[in-house]
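Colleague: First, the structure itself, so that you have it in front of you.
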Amino acid sequence: MATVTEIGSLISRHPEIRDGRPCIAGTGVSVRRIAVLHNMGEAPEEIASNFGHLSLAQVHAALACYYANMAGIDADLEAEEREYDTLARQHPR
């Protein structure tokens, strides 16, 4: 019989890792990071290949987590971008 992986075991949250944001379990790769790459046009297969240590199942689990929590994750990303823009204006090159 084939080994069955519980989908819920592929994503974890720990306060000491990425400020408690959801990550691929056993890695420091955040769901946000996978979402950003995917939103930039990278296919799940490409993301898994580029990381090397992530399976396609892990990438898909991260994307499922992102889509299930899209509003909150997108709001978090937008707030981070606004903060970056503010700091960039305060400290021009």
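Note on naming: chains are A, B, ... as they come in the structure tokens, residues start from 1 per chain, ligands start from 1 in the order shown.
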Need the shell around segment 34-50 of chain A: protein/DNA/RNA residues with any atom at most 9 Å away, counting only C-alpha atoms. Skip same-chain ones fewer than 5 positions apart. Format as a count of residues only?
Modeller: 13
Colleague: Just want the 8 Å neighbourhood of segment 6-20 of chain A, counted on only C-alpha atoms, with same-chain residues fewer than 3 positions away dropped. Output as a PDB file with N, CA and C atoms, in the first residue's frame.
Modeller:
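Output (part03.pdb):
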```pdb
ATOM      1  N   CYS A  23       4.123  28.360   6.634  1.00  0.00           N
ATOM      2  CA  CYS A  23       5.287  27.927   5.855  1.00  0.00           C
ATOM      3  C   CYS A  23       5.100  26.475   5.440  1.00  0.00           C
ATOM      4  N   ILE A  24       5.863  26.083   4.468  1.00  0.00           N
ATOM      5  CA  ILE A  24       5.908  24.677   4.104  1.00  0.00           C
ATOM      6  C   ILE A  24       6.606  23.963   5.259  1.00  0.00           C
ATOM      7  N   ALA A  25       5.936  22.973   5.827  1.00  0.00           N
ATOM      8  CA  ALA A  25       6.432  22.273   7.010  1.00  0.00           C
ATOM      9  C   ALA A  25       7.851  21.751   6.800  1.00  0.00           C
ATOM     10  N   GLY A  28      11.834  26.783   5.853  1.00  0.00           N
ATOM     11  CA  GLY A  28      11.565  28.180   6.167  1.00  0.00           C
ATOM     12  C   GLY A  28      10.884  28.897   5.019  1.00  0.00           C
ATOM     13  N   SER A  30       8.031  30.361   3.124  1.00  0.00           N
ATOM     14  CA  SER A  30       6.685  30.807   3.479  1.00  0.00           C
ATOM     15  C   SER A  30       5.705  30.631   2.322  1.00  0.00           C
ATOM     16  N   GLN A  58       4.295  19.887  -2.051  1.00  0.00           N
ATOM     17  CA  GLN A  58       4.485  20.980  -1.091  1.00  0.00           C
ATOM     18  C   GLN A  58       4.119  22.318  -1.714  1.00  0.00           C
ATOM     19  N   ALA A  61       0.402  22.527  -1.989  1.00  0.00           N
ATOM     20  CA  ALA A  61      -0.189  22.751  -0.668  1.00  0.00           C
ATOM     21  C   ALA A  61      -0.056  24.218  -0.276  1.00  0.00           C
ATOM     22  N   ALA A  62       1.092  24.811  -0.566  1.00  0.00           N
ATOM     23  CA  ALA A  62       1.288  26.233  -0.276  1.00  0.00           C
ATOM     24  C   ALA A  62       0.328  27.088  -1.084  1.00  0.00           C
ATOM     25  N   CYS A  65      -3.122  26.791   0.389  1.00  0.00           N
ATOM     26  CA  CYS A  65      -3.192  27.627   1.592  1.00  0.00           C
ATOM     27  C   CYS A  65      -3.351  29.093   1.204  1.00  0.00           C
TER      28      CYS A  65
END
```
Colleague: Write out as a PyMOL selection string the set of residues from segment 30-86 of chain A that DSSP, computed on the backbone, places in helix (DSSP H, G or I).
Modeller: chain A and resi 31-39+44-51+56-68+70-86
Colleague: Which of these residues is nearest to His53 of chain A, using only C-alpha atoms: A:Ala88, A:Arg32, A:Thr5, A:Thr27?
Modeller: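 Closest to His53 of chain A, using only C-alpha atoms: A:Thr27.
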Colleague: I need the residues in chain A that are strand (DSSP E) according to DSSP; give them as number ranges by chain.
Modeller: A: 11-12, 23-24
Colleague: What does the distance between atom CA of Asp85 of chain A and atom CA of Val31 of chain A come to in Å, to one decimal place?
Modeller: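 Spanning atom CA of Asp85 of chain A to atom CA of Val31 of chain A is a straight-line distance of 22.6 Å.
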Colleague: How many Å lie between atom CA of Ala64 of chain A and atom CA of Pro22 of chain A, rounded to one decimal?
Modeller: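 According to the coordinates, atom CA of Ala64 of chain A and atom CA of Pro22 of chain A are separated by 11.6 Å.
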